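For reference, the structure discussed in these notes is given below.
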Amino acid sequence: MSRAARLHPDGLTRCPWPGEDPLYVAYHDTEWGVPEYDDRALYEKLILDGFQAGLSWITILRKRDNFRKAFDDFQPEKIARYNARKVHALMSDAGIVRNKAKIEGTILSAKSYLDIMEKGPGFSKLLWDFMDGRPKVNQFKTTGSVPASTPLSVQISKELSSRGFKFVGPTIVYAFMQATGMVNDHLVDCHCHATCSKTQRKLRLKAK
(Lines give C-alpha, C1' and ligand atoms only; values in the text may rest on other atoms or scores of the structure.)
Protein backbone atom coordinates (compact mmCIF):
# COMPACT_ATOMS: atom_id res chain seq x y z
CA MET A 1 0.00 0.00 0.00
CA SER A 2 1.43 3.36 -1.07
CA ARG A 3 1.25 6.09 1.56
CA ALA A 4 2.16 9.79 1.62
CA ALA A 5 3.80 11.75 4.44
CA ARG A 6 1.40 12.62 7.25
CA LEU A 7 0.95 15.53 9.62
CA HIS A 8 1.55 14.78 13.31
CA PRO A 9 -0.07 16.48 16.33
CA ASP A 10 3.20 18.39 16.95
CA GLY A 11 2.73 20.17 13.62
CA LEU A 12 5.50 18.30 11.78
CA THR A 13 4.92 16.22 8.65
CA ARG A 14 6.72 12.87 8.67
CA CYS A 15 7.11 9.69 6.65
CA PRO A 16 4.17 7.41 7.56
CA TRP A 17 6.15 4.40 8.79
CA PRO A 18 6.94 5.45 12.41
CA GLY A 19 3.25 6.03 13.14
CA GLU A 20 2.71 7.60 16.56
CA ASP A 21 5.17 5.40 18.49
CA PRO A 22 7.42 7.86 20.43
CA LEU A 23 10.50 5.60 20.14
CA TYR A 24 9.98 5.12 16.41
CA VAL A 25 9.28 8.84 15.83
CA ALA A 26 12.49 9.80 17.69
CA TYR A 27 14.48 7.30 15.60
CA HIS A 28 12.92 8.67 12.40
CA ASP A 29 13.67 12.27 13.38
CA THR A 30 17.20 11.94 14.74
CA GLU A 31 18.85 8.85 13.21
CA TRP A 32 17.25 7.47 10.05
CA GLY A 33 18.76 9.04 6.96
CA VAL A 34 21.48 10.97 8.82
CA PRO A 35 24.86 10.21 7.17
CA GLU A 36 26.95 7.88 9.33
CA TYR A 37 30.69 7.63 8.69
CA ASP A 38 31.88 5.88 11.86
CA ASP A 39 33.24 2.39 11.11
CA ARG A 40 31.95 0.67 14.25
CA ALA A 41 28.53 2.35 14.14
CA LEU A 42 28.13 1.19 10.53
CA TYR A 43 29.01 -2.37 11.56
CA GLU A 44 26.42 -2.28 14.35
CA LYS A 45 23.69 -1.02 12.03
CA LEU A 46 24.47 -3.63 9.38
CA ILE A 47 24.26 -6.41 11.97
CA LEU A 48 20.98 -5.12 13.40
CA ASP A 49 19.51 -4.85 9.90
CA GLY A 50 20.49 -8.49 9.41
CA PHE A 51 18.66 -9.44 12.60
CA GLN A 52 15.64 -7.50 11.34
CA ALA A 53 15.18 -9.81 8.32
CA GLY A 54 11.70 -11.30 8.62
CA LEU A 55 10.76 -8.87 11.42
CA SER A 56 9.80 -5.20 11.69
CA TRP A 57 12.47 -2.61 12.53
CA ILE A 58 10.53 -1.39 15.59
CA THR A 59 10.96 -4.90 17.08
CA ILE A 60 14.74 -4.54 16.77
CA LEU A 61 14.69 -0.93 17.94
CA ARG A 62 12.89 -1.90 21.15
CA LYS A 63 15.54 -4.55 21.77
CA ARG A 64 18.53 -2.44 20.65
CA ASP A 65 19.80 -1.70 24.17
CA ASN A 66 19.57 -5.42 25.00
CA PHE A 67 21.47 -6.24 21.80
CA ARG A 68 24.22 -3.75 22.71
CA LYS A 69 24.56 -5.26 26.17
CA ALA A 70 24.57 -8.84 24.85
CA PHE A 71 27.05 -8.11 22.04
CA ASP A 72 29.60 -6.03 23.98
CA ASP A 73 28.42 -2.74 22.45
CA PHE A 74 29.05 -4.25 19.02
CA GLN A 75 32.82 -4.10 19.35
CA PRO A 76 34.00 -6.31 16.46
CA GLU A 77 37.29 -7.07 18.24
CA LYS A 78 35.34 -8.81 21.03
CA ILE A 79 32.66 -10.40 18.85
CA ALA A 80 35.25 -12.01 16.55
CA ARG A 81 36.48 -14.02 19.56
CA TYR A 82 33.07 -15.41 20.56
CA ASN A 83 33.07 -19.19 21.04
CA ALA A 84 30.40 -21.90 21.19
CA ARG A 85 29.74 -21.18 24.88
CA LYS A 86 29.04 -17.51 24.11
CA VAL A 87 26.73 -18.48 21.23
CA HIS A 88 24.83 -20.76 23.63
CA ALA A 89 24.54 -17.90 26.15
CA LEU A 90 23.20 -15.57 23.45
CA MET A 91 20.67 -18.22 22.37
CA SER A 92 19.41 -18.19 25.98
CA ASP A 93 19.05 -14.39 26.09
CA ALA A 94 15.35 -13.48 25.79
CA GLY A 95 16.27 -9.80 25.37
CA ILE A 96 17.51 -10.30 21.80
CA VAL A 97 16.35 -12.12 18.68
CA ARG A 98 17.50 -15.69 19.25
CA ASN A 99 18.50 -16.91 15.82
CA LYS A 100 21.61 -19.09 15.76
CA ALA A 101 22.41 -18.47 12.09
CA LYS A 102 22.27 -14.71 12.62
CA ILE A 103 24.35 -14.87 15.81
CA GLU A 104 27.00 -16.97 14.08
CA GLY A 105 26.77 -14.63 11.07
CA THR A 106 27.50 -11.68 13.37
CA ILE A 107 30.75 -13.37 14.46
CA LEU A 108 31.81 -14.08 10.88
CA SER A 109 30.95 -10.52 9.87
CA ALA A 110 33.07 -9.19 12.77
CA LYS A 111 36.05 -11.15 11.45
CA SER A 112 35.46 -9.77 7.95
CA TYR A 113 35.18 -6.25 9.37
CA LEU A 114 38.50 -6.60 11.21
CA ASP A 115 40.12 -7.85 8.01
CA ILE A 116 38.95 -4.74 6.13
CA MET A 117 40.12 -2.48 8.96
CA GLU A 118 43.53 -4.16 9.11
CA LYS A 119 44.27 -4.62 5.42
CA GLY A 120 42.25 -1.70 4.05
CA PRO A 121 40.44 0.23 2.90
CA GLY A 122 38.48 0.54 6.17
CA PHE A 123 34.79 -0.29 6.54
CA SER A 124 33.37 3.23 6.17
CA LYS A 125 35.58 4.00 3.18
CA LEU A 126 34.66 0.71 1.49
CA LEU A 127 30.95 1.56 1.76
CA TRP A 128 31.04 5.28 1.04
CA ASP A 129 33.33 4.85 -1.97
CA PHE A 130 30.31 3.27 -3.69
CA MET A 131 28.60 6.66 -3.21
CA ASP A 132 31.67 8.72 -4.13
CA GLY A 133 31.70 9.78 -0.49
CA ARG A 134 28.36 11.59 -0.51
CA PRO A 135 24.70 10.62 -0.05
CA LYS A 136 22.21 10.28 -2.88
CA VAL A 137 19.18 12.50 -2.25
CA ASN A 138 15.99 10.96 -3.64
CA GLN A 139 12.70 12.76 -4.27
CA PHE A 140 10.03 10.19 -3.44
CA LYS A 141 6.50 11.41 -2.72
CA THR A 142 4.94 8.15 -1.51
CA THR A 143 6.18 4.95 0.13
CA GLY A 144 5.15 3.04 -2.99
CA SER A 145 7.85 4.86 -4.97
CA VAL A 146 10.64 3.75 -2.63
CA PRO A 147 12.47 0.66 -3.93
CA ALA A 148 13.23 -2.41 -1.81
CA SER A 149 16.63 -2.70 -3.46
CA THR A 150 18.62 -0.99 -6.21
CA PRO A 151 21.43 -1.99 -8.61
CA LEU A 152 23.82 -0.27 -6.20
CA SER A 153 22.57 -2.23 -3.17
CA VAL A 154 23.04 -5.40 -5.25
CA GLN A 155 26.61 -4.33 -5.99
CA ILE A 156 27.39 -3.55 -2.32
CA SER A 157 25.72 -6.81 -1.27
CA LYS A 158 27.99 -8.78 -3.60
CA GLU A 159 31.08 -6.95 -2.33
CA LEU A 160 30.23 -7.60 1.33
CA SER A 161 29.34 -11.25 0.65
CA SER A 162 32.62 -11.79 -1.19
CA ARG A 163 34.43 -10.49 1.89
CA GLY A 164 32.67 -12.95 4.21
CA PHE A 165 29.81 -10.87 5.61
CA LYS A 166 26.56 -12.71 6.34
CA PHE A 167 22.93 -11.58 6.03
CA VAL A 168 23.82 -8.84 3.57
CA GLY A 169 21.33 -9.48 0.75
CA PRO A 170 20.38 -6.54 -1.53
CA THR A 171 17.19 -5.72 0.42
CA ILE A 172 18.96 -5.71 3.80
CA VAL A 173 21.75 -3.61 2.31
CA TYR A 174 19.29 -1.07 0.90
CA ALA A 175 17.54 -0.73 4.28
CA PHE A 176 21.02 -0.21 5.76
CA MET A 177 21.82 2.46 3.13
CA GLN A 178 18.59 4.30 3.99
CA ALA A 179 19.20 4.15 7.72
CA THR A 180 22.82 5.33 7.53
CA GLY A 181 22.11 8.20 5.16
CA MET A 182 23.90 6.76 2.15
CA VAL A 183 20.60 7.57 0.48
CA ASN A 184 18.06 10.13 1.70
CA ASP A 185 14.75 8.32 1.33
CA HIS A 186 12.66 10.57 3.56
CA LEU A 187 9.60 11.48 1.52
CA VAL A 188 9.88 14.97 0.02
CA ASP A 189 7.07 16.32 2.22
CA CYS A 190 8.66 14.94 5.41
CA HIS A 191 10.38 17.62 7.49
CA CYS A 192 13.48 15.41 7.71
CA HIS A 193 14.02 15.39 3.94
CA ALA A 194 15.27 18.98 4.08
CA THR A 195 17.21 18.64 7.36
CA CYS A 196 19.01 15.51 6.17
CA SER A 197 19.80 17.22 2.87
CA LYS A 198 21.30 20.19 4.78
CA THR A 199 23.43 17.80 6.84
CA GLN A 200 24.51 16.08 3.65
CA ARG A 201 25.41 19.39 1.99
CA LYS A 202 27.56 20.38 4.98
CA LEU A 203 29.36 17.04 4.88
CA ARG A 204 29.91 17.42 1.16
CA LEU A 205 31.43 20.89 1.59
CA LYS A 206 33.58 19.63 4.47
CA ALA A 207 34.88 16.80 2.27
CA LYS A 208 36.01 19.24 -0.45
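By order in the C-alpha coordinates, chains are A, B, ...; within a chain, residues start at 1; ligands start at 1, following the order shown.
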Checklist line | Polymer residues at most 12 Å from Tyr24 in chain A, only C-alpha atoms, same-chain spacing of 2 or more positions, as an MDAnalysis selection string | finding: chainID A and resid 14:22 26:32 56:62
Note to self: Need the shell around Ile96 in chain A: protein/DNA/RNA residues with any atom at most 7 Å away, counting only C-alpha atoms. Skip same-chain ones fewer than 6 positions apart. Format as a count of residues only?
What the structure shows: 3
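Across the structure, CA of His191 in chain A and CA of Tyr174 in chain A are spaced 21.7 Å apart.
Distance annotation: of A:Tyr82, A:Tyr113, A:Asp73, A:Phe165, the residue with the minimal separation from Lys125 in chain A is A:Tyr113; atom set is only C-alpha atoms.
Those residues that approach range 85-89 of chain A to within 10 Å, counting only C-alpha atoms, are Ala70, Phe71, Ile79, Arg98, Asn99, Lys100, Ile103, Glu104 and Ile107 of chain A; same-chain residues fewer than 5 positions away are not listed.
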Limited to N, CA and C atoms, could you put the picked residues into a file as a short mmCIF file (atom, residue, chain, number, x, y, z; two decimals), in the first residue's frame?
data_model
loop_
_atom_site.label_atom_id
_atom_site.label_comp_id
_atom_site.auth_asym_id
_atom_site.auth_seq_id
_atom_site.Cartn_x
_atom_site.Cartn_y
_atom_site.Cartn_z
N ALA A 70 24.24 -7.43 25.14
CA ALA A 70 24.57 -8.84 24.85
C ALA A 70 25.79 -8.99 23.95
N PHE A 71 25.97 -8.03 23.03
CA PHE A 71 27.05 -8.11 22.04
C PHE A 71 28.20 -7.14 22.32
N ILE A 79 33.59 -9.46 19.48
CA ILE A 79 32.66 -10.40 18.85
C ILE A 79 33.40 -11.46 18.04
N ARG A 98 16.69 -14.47 19.11
CA ARG A 98 17.50 -15.69 19.25
C ARG A 98 17.45 -16.51 17.96
N ASN A 99 18.39 -16.22 17.11
CA ASN A 99 18.50 -16.91 15.82
C ASN A 99 19.97 -17.32 15.68
N LYS A 100 20.22 -18.62 15.75
CA LYS A 100 21.61 -19.09 15.76
C LYS A 100 22.38 -18.71 14.50
N ILE A 103 23.31 -15.07 14.78
CA ILE A 103 24.35 -14.87 15.81
C ILE A 103 25.71 -15.31 15.26
N GLU A 104 25.74 -16.48 14.65
CA GLU A 104 27.00 -16.97 14.08
C GLU A 104 27.44 -16.09 12.91
N ILE A 107 29.35 -13.06 14.14
CA ILE A 107 30.75 -13.37 14.46
C ILE A 107 31.59 -13.38 13.19
#
Notebook entry, point to check: What's the 7 Å shell around Phe140 in chain A, counting only C-alpha atoms, without same-chain residues fewer than 3 positions away, as a PyMOL selection string?
Noted result: chain A and resi 145-146+185+187-188
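Within range 18-197 of chain A, DSSP run on the backbone puts these residues in strand (DSSP E or B): A:Lys136, A:Val137, A:Thr142, A:Val183, A:Asn184.
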Margin query: I'd like the contact shell of Met1 in chain A - 10 Å cut-off, only C-alpha atoms, skipping same-chain residues fewer than 6 positions apart - returned as a list in words.
Written below: Thr142, Thr143 and Gly144 of chain A
Next item on the list: Take CA of Val25 in chain A and CA of Gly11 in chain A and report the distance between them in Å, one decimal.
Entry: 13.3 Å
Note to self: Can you tell me, as a PyMOL selection string, which residues in range 18-203 of chain A count as alpha helix (DSSP H) by DSSP?
What the structure shows: chain A and resi 22-30+39-52+57-70+76-79+84-91+100-119+123-128+151-162+170-179+191-203
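The residue that comes closest to Leu23 in chain A, out of A:Arg64, A:Lys119, A:Lys45, A:Lys136 and on the basis of only C-alpha atoms, is A:Arg64.
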Item checked: Close residues, Leu160 in chain A itself excluded, 12 Å, only C-alpha atoms, min 6 positions apart in chain, as a ChimeraX atom specification -> /A:43,46,108-110,112-113,115-116,123,126-127,130,153-154,166-170,172-173
Output N, CA, C and O atoms of each residue in that selection to a file, as a short mmCIF file (atom, residue, chain, number, x, y, z; two decimals), in the first residue's frame.
data_model
loop_
_atom_site.label_atom_id
_atom_site.label_comp_id
_atom_site.auth_asym_id
_atom_site.auth_seq_id
_atom_site.Cartn_x
_atom_site.Cartn_y
_atom_site.Cartn_z
N TYR A 43 29.04 -0.92 11.32
CA TYR A 43 29.01 -2.37 11.56
C TYR A 43 27.78 -2.73 12.40
O TYR A 43 27.05 -3.67 12.07
N LEU A 46 24.58 -2.54 10.36
CA LEU A 46 24.47 -3.63 9.38
C LEU A 46 24.04 -4.93 10.06
O LEU A 46 23.19 -5.66 9.55
N LEU A 108 31.08 -14.03 12.16
CA LEU A 108 31.81 -14.08 10.88
C LEU A 108 31.95 -12.68 10.27
O LEU A 108 33.00 -12.33 9.74
N SER A 109 30.90 -11.88 10.39
CA SER A 109 30.95 -10.52 9.87
C SER A 109 31.95 -9.67 10.65
O SER A 109 32.61 -8.79 10.07
N ALA A 110 32.08 -9.92 11.96
CA ALA A 110 33.07 -9.19 12.77
C ALA A 110 34.48 -9.50 12.28
O ALA A 110 35.33 -8.61 12.19
N SER A 112 35.31 -10.42 9.25
CA SER A 112 35.46 -9.77 7.95
C SER A 112 35.70 -8.27 8.12
O SER A 112 36.53 -7.68 7.42
N TYR A 113 35.00 -7.67 9.07
CA TYR A 113 35.18 -6.25 9.37
C TYR A 113 36.62 -5.97 9.80
O TYR A 113 37.26 -5.04 9.31
N ASP A 115 39.23 -7.64 9.16
CA ASP A 115 40.12 -7.85 8.01
C ASP A 115 40.18 -6.58 7.14
O ASP A 115 41.25 -6.16 6.71
N ILE A 116 39.02 -5.98 6.93
CA ILE A 116 38.95 -4.74 6.13
C ILE A 116 39.64 -3.60 6.86
O ILE A 116 40.30 -2.76 6.23
N PHE A 123 36.19 0.07 6.80
CA PHE A 123 34.79 -0.29 6.54
C PHE A 123 33.99 0.89 5.99
O PHE A 123 33.28 0.77 4.99
N LEU A 126 35.12 1.73 2.44
CA LEU A 126 34.66 0.71 1.49
C LEU A 126 33.22 1.01 1.07
O LEU A 126 32.89 0.98 -0.12
N LEU A 127 32.37 1.32 2.05
CA LEU A 127 30.95 1.56 1.76
C LEU A 127 30.73 2.89 1.05
O LEU A 127 30.05 2.95 0.02
N PHE A 130 31.35 3.62 -2.72
CA PHE A 130 30.31 3.27 -3.69
C PHE A 130 29.44 4.49 -4.00
O PHE A 130 28.79 4.56 -5.04
N SER A 153 22.63 -1.37 -4.37
CA SER A 153 22.57 -2.23 -3.17
C SER A 153 22.93 -3.67 -3.53
O SER A 153 23.52 -4.39 -2.72
N VAL A 154 22.63 -4.07 -4.76
CA VAL A 154 23.04 -5.40 -5.25
C VAL A 154 24.56 -5.47 -5.33
O VAL A 154 25.19 -6.45 -4.91
N LYS A 166 27.77 -11.90 6.42
CA LYS A 166 26.56 -12.71 6.34
C LYS A 166 25.31 -11.83 6.51
O LYS A 166 25.37 -10.79 7.15
N PHE A 167 24.20 -12.30 5.97
CA PHE A 167 22.93 -11.58 6.03
C PHE A 167 23.07 -10.17 5.46
O PHE A 167 22.73 -9.17 6.09
N VAL A 168 23.61 -10.12 4.26
CA VAL A 168 23.82 -8.84 3.57
C VAL A 168 23.23 -8.91 2.15
O VAL A 168 23.85 -8.49 1.19
N GLY A 169 22.01 -9.44 2.05
CA GLY A 169 21.33 -9.48 0.75
C GLY A 169 21.00 -8.06 0.30
O GLY A 169 21.05 -7.12 1.10
N PRO A 170 20.65 -7.87 -0.98
CA PRO A 170 20.38 -6.54 -1.53
C PRO A 170 19.30 -5.74 -0.79
O PRO A 170 19.41 -4.53 -0.65
N ILE A 172 18.39 -6.10 2.50
CA ILE A 172 18.96 -5.71 3.80
C ILE A 172 19.93 -4.56 3.61
O ILE A 172 19.93 -3.58 4.37
N VAL A 173 20.76 -4.66 2.58
CA VAL A 173 21.75 -3.61 2.31
C VAL A 173 21.07 -2.29 1.98
O VAL A 173 21.51 -1.22 2.44
#
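With CA of Asp132 in chain A on one side and CA of Phe176 in chain A on the other, the separation reads 17.1 Å.
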Next item on the list: Compile the contact shell of range 177-180 of chain A as number ranges by chain: residues with an atom at most 6 Å away, counting only C-alpha atoms, same-chain residues fewer than 5 positions apart removed.
Entry: A: 32-36
